[in-house]
Amino acid sequence: MWEEGAQTVLLASGFNEHWGLTDFWPLLLLPLAVLPWVLRGQMNFPHPALQGLPADPLSAWLDRLWKMALSLLILALSLALTGPYLKSQYVEKIGRGAHVMIVLDRSASMNEPFVKKGDDAQARVPKMEVARKVLKTLVAQGHDDLMGMVTFSTSPILAAPLGNDREFVQAALDATEAGGMGFTAVARGLGMALDYFADQPVTGARAMVLVSDGGAHLDGKTQDMLRAMFMRQKASLYWIYLRSESGVSLKQSLAEGENIDAYPEYALHEYFQTLNVPYRVYEAENPQAVMAAVRDISTLKNKPTRYLEPVSRQDLSQYAYGLAWLVAVCLMCLYALELKRWQA
């Protein structure tokens, strides 16, 4: 699902829009750069007839180099004192990935363990704890992806907006350690997550990863609205169904004449198949099954994705100071070549 090595392209609509100066008064020092060409700083040696000395082109060029180095030193120090910087901007990244919104159930039922199978102690771990650990692995694997997260119980909450800030999503997952409460409002959670795809160009595969134990009834109006949102945003749906002890298995068909409303998880699964978008369900009865589902999702192929990554302000004065140091070293070398005493 993710590939490294994305290309990076700087969005430039004008150079002056991307750089600035902290102080402007050091610009008044720039005219001092002409002083080396006006003033004479070399040592004087008395000689009765300088016209009689042979021409020395090397010394003439070294003298010009000395003056140019002094002017460059003044310019570099003046520019360094102005504090030049690159403004915060956006970088367009091109790679292969997806726009992934994690929709995590935080209802009270998520505090329950998985379905009990024999004496498997790992199956008794709360579903929320397992989901948190596995989703953190999923987030860490996304290199070129935009990721966000919505949690829901009775009401949905935006935990992390859709973006490329992995640490933000990881911190949002850590915050789920407080435990869940309330009911399972799946439709409201999915609706909020889908809203973050609105008004954005389709520059990559869009995926909704629902992590829930089901248990929600959707009325006809809600179903129609959610179906229209999925089709409009062109988002695929992947449901990691965390089956609890009291939950029904989605792998089995209901008996003929049995009321589907008595099994909200099964009814939700049947509805998701009518969304007219790519849909897959992963029924997980233990932590190992959850990890296997995440691995399967992470290997799905995606379209090439393009997105803007913010770049913070960068200080450029260090380069001016570095240039000043190089020029200073050059001046010291030239000073060492200067004749200190007249040789008859």
# chains A, B, ... in the order shown; residues from 1 in each chain; ligands from 1
>>> residues_around(residues="A:Leu210", least_positions_apart="3", cutoff="12 Å", atoms="only C-alpha atoms", output="VMD selection string")
chain A and resid 100 to 106 131 135 149 to 152 186 to 187 189 to 191 193 to 194 207 213 to 214 236 to 242 268 to 269 272 279 to 283 293 to 294 297
>>> closest_residue(among="A:Lys87, A:Lys251, A:Arg188, A:Arg132", to="A:Gly20", atoms="only C-alpha atoms")
A:Lys87
>>> residues_around(residues="A:Val248", least_positions_apart="5", cutoff="8 Å", atoms="only C-alpha atoms", output="number ranges by chain")
A: 243, 263, 265-266
>>> atom_distance(atom1="atom CA of A:Phe197", atom2="atom CA of A:Pro161")
10.6 Å
>>> residues_around(residues="A:Val169", least_positions_apart="2", cutoff="10 Å", atoms="only C-alpha atoms", output="PDB file with N, CA, C and O atoms, in the first residue's frame")
ATOM      1  N   ILE A 102      -9.085   6.621   9.583  1.00  0.00           N
ATOM      2  CA  ILE A 102      -9.387   5.564  10.546  1.00  0.00           C
ATOM      3  C   ILE A 102     -10.611   5.989  11.347  1.00  0.00           C
ATOM      4  O   ILE A 102     -10.648   7.084  11.898  1.00  0.00           O
ATOM      5  N   LEU A 135      -3.353  -0.570  15.200  1.00  0.00           N
ATOM      6  CA  LEU A 135      -3.497   0.627  14.376  1.00  0.00           C
ATOM      7  C   LEU A 135      -2.243   1.484  14.422  1.00  0.00           C
ATOM      8  O   LEU A 135      -1.899   2.144  13.427  1.00  0.00           O
ATOM      9  N   LYS A 136      -1.534   1.495  15.540  1.00  0.00           N
ATOM     10  CA  LYS A 136      -0.283   2.241  15.609  1.00  0.00           C
ATOM     11  C   LYS A 136       0.740   1.654  14.641  1.00  0.00           C
ATOM     12  O   LYS A 136       1.532   2.380  14.041  1.00  0.00           O
ATOM     13  N   VAL A 139      -0.295   2.890  11.157  1.00  0.00           N
ATOM     14  CA  VAL A 139       0.078   4.288  10.935  1.00  0.00           C
ATOM     15  C   VAL A 139       1.573   4.405  10.678  1.00  0.00           C
ATOM     16  O   VAL A 139       2.016   5.169   9.830  1.00  0.00           O
ATOM     17  N   ALA A 140       2.381   3.642  11.415  1.00  0.00           N
ATOM     18  CA  ALA A 140       3.832   3.720  11.251  1.00  0.00           C
ATOM     19  C   ALA A 140       4.276   3.227   9.883  1.00  0.00           C
ATOM     20  O   ALA A 140       5.320   3.648   9.369  1.00  0.00           O
ATOM     21  N   MET A 147      -3.103  10.508   6.497  1.00  0.00           N
ATOM     22  CA  MET A 147      -3.875   9.746   7.468  1.00  0.00           C
ATOM     23  C   MET A 147      -4.577  10.672   8.441  1.00  0.00           C
ATOM     24  O   MET A 147      -4.067  11.740   8.793  1.00  0.00           O
ATOM     25  N   GLY A 148      -5.749  10.259   8.866  1.00  0.00           N
ATOM     26  CA  GLY A 148      -6.500  10.973   9.882  1.00  0.00           C
ATOM     27  C   GLY A 148      -7.302   9.977  10.689  1.00  0.00           C
ATOM     28  O   GLY A 148      -7.366   8.788  10.353  1.00  0.00           O
ATOM     29  N   MET A 149      -7.925  10.438  11.757  1.00  0.00           N
ATOM     30  CA  MET A 149      -8.671   9.510  12.600  1.00  0.00           C
ATOM     31  C   MET A 149      -9.873  10.213  13.225  1.00  0.00           C
ATOM     32  O   MET A 149      -9.781  11.361  13.666  1.00  0.00           O
ATOM     33  N   VAL A 150     -10.978   9.503  13.228  1.00  0.00           N
ATOM     34  CA  VAL A 150     -12.198   9.930  13.896  1.00  0.00           C
ATOM     35  C   VAL A 150     -12.584   8.839  14.879  1.00  0.00           C
ATOM     36  O   VAL A 150     -12.586   7.658  14.534  1.00  0.00           O
ATOM     37  N   ALA A 159     -10.202  13.156  16.020  1.00  0.00           N
ATOM     38  CA  ALA A 159      -8.993  12.932  16.819  1.00  0.00           C
ATOM     39  C   ALA A 159      -7.750  13.438  16.109  1.00  0.00           C
ATOM     40  O   ALA A 159      -6.822  13.934  16.752  1.00  0.00           O
ATOM     41  N   ALA A 160      -7.700  13.320  14.777  1.00  0.00           N
ATOM     42  CA  ALA A 160      -6.547  13.781  13.998  1.00  0.00           C
ATOM     43  C   ALA A 160      -7.036  14.102  12.593  1.00  0.00           C
ATOM     44  O   ALA A 160      -7.617  13.229  11.944  1.00  0.00           O
ATOM     45  N   PRO A 161      -6.821  15.331  12.092  1.00  0.00           N
ATOM     46  CA  PRO A 161      -7.270  15.670  10.731  1.00  0.00           C
ATOM     47  C   PRO A 161      -6.449  14.929   9.685  1.00  0.00           C
ATOM     48  O   PRO A 161      -5.337  14.462   9.950  1.00  0.00           O
ATOM     49  N   LEU A 162      -7.001  14.839   8.499  1.00  0.00           N
ATOM     50  CA  LEU A 162      -6.330  14.152   7.404  1.00  0.00           C
ATOM     51  C   LEU A 162      -5.068  14.914   7.029  1.00  0.00           C
ATOM     52  O   LEU A 162      -5.117  16.076   6.637  1.00  0.00           O
ATOM     53  N   GLY A 163      -3.917  14.270   7.160  1.00  0.00           N
ATOM     54  CA  GLY A 163      -2.644  14.911   6.854  1.00  0.00           C
ATOM     55  C   GLY A 163      -1.526  13.900   6.907  1.00  0.00           C
ATOM     56  O   GLY A 163      -1.745  12.685   7.037  1.00  0.00           O
ATOM     57  N   ASN A 164      -0.292  14.388   6.822  1.00  0.00           N
ATOM     58  CA  ASN A 164       0.868  13.496   6.818  1.00  0.00           C
ATOM     59  C   ASN A 164       1.617  13.533   8.140  1.00  0.00           C
ATOM     60  O   ASN A 164       2.772  13.115   8.215  1.00  0.00           O
ATOM     61  N   ASP A 165       0.980  14.023   9.196  1.00  0.00           N
ATOM     62  CA  ASP A 165       1.607  14.079  10.514  1.00  0.00           C
ATOM     63  C   ASP A 165       1.345  12.772  11.248  1.00  0.00           C
ATOM     64  O   ASP A 165       0.299  12.569  11.868  1.00  0.00           O
ATOM     65  N   ARG A 166       2.325  11.851  11.164  1.00  0.00           N
ATOM     66  CA  ARG A 166       2.171  10.541  11.814  1.00  0.00           C
ATOM     67  C   ARG A 166       2.101  10.661  13.336  1.00  0.00           C
ATOM     68  O   ARG A 166       1.360   9.942  13.998  1.00  0.00           O
ATOM     69  N   GLU A 167       2.885  11.566  13.899  1.00  0.00           N
ATOM     70  CA  GLU A 167       2.920  11.699  15.351  1.00  0.00           C
ATOM     71  C   GLU A 167       1.572  12.159  15.894  1.00  0.00           C
ATOM     72  O   GLU A 167       1.175  11.777  16.995  1.00  0.00           O
ATOM     73  N   ALA A 171      -0.443  10.029  18.631  1.00  0.00           N
ATOM     74  CA  ALA A 171      -0.870  10.612  19.898  1.00  0.00           C
ATOM     75  C   ALA A 171      -2.371  10.447  20.099  1.00  0.00           C
ATOM     76  O   ALA A 171      -2.841  10.217  21.226  1.00  0.00           O
ATOM     77  N   ALA A 172      -3.140  10.550  19.018  1.00  0.00           N
ATOM     78  CA  ALA A 172      -4.584  10.345  19.119  1.00  0.00           C
ATOM     79  C   ALA A 172      -4.911   8.911  19.518  1.00  0.00           C
ATOM     80  O   ALA A 172      -5.848   8.660  20.291  1.00  0.00           O
ATOM     81  N   LEU A 173      -4.135   7.954  19.015  1.00  0.00           N
ATOM     82  CA  LEU A 173      -4.344   6.563  19.406  1.00  0.00           C
ATOM     83  C   LEU A 173      -3.971   6.345  20.873  1.00  0.00           C
ATOM     84  O   LEU A 173      -4.638   5.595  21.589  1.00  0.00           O
ATOM     85  N   ASP A 174      -2.895   7.000  21.323  1.00  0.00           N
ATOM     86  CA  ASP A 174      -2.528   6.881  22.735  1.00  0.00           C
ATOM     87  C   ASP A 174      -3.623   7.409  23.649  1.00  0.00           C
ATOM     88  O   ASP A 174      -3.796   6.923  24.778  1.00  0.00           O
ATOM     89  N   ALA A 175      -4.361   8.402  23.182  1.00  0.00           N
ATOM     90  CA  ALA A 175      -5.413   9.003  24.002  1.00  0.00           C
ATOM     91  C   ALA A 175      -6.591   8.070  24.221  1.00  0.00           C
ATOM     92  O   ALA A 175      -7.417   8.322  25.100  1.00  0.00           O
TER      93      ALA A 175
END
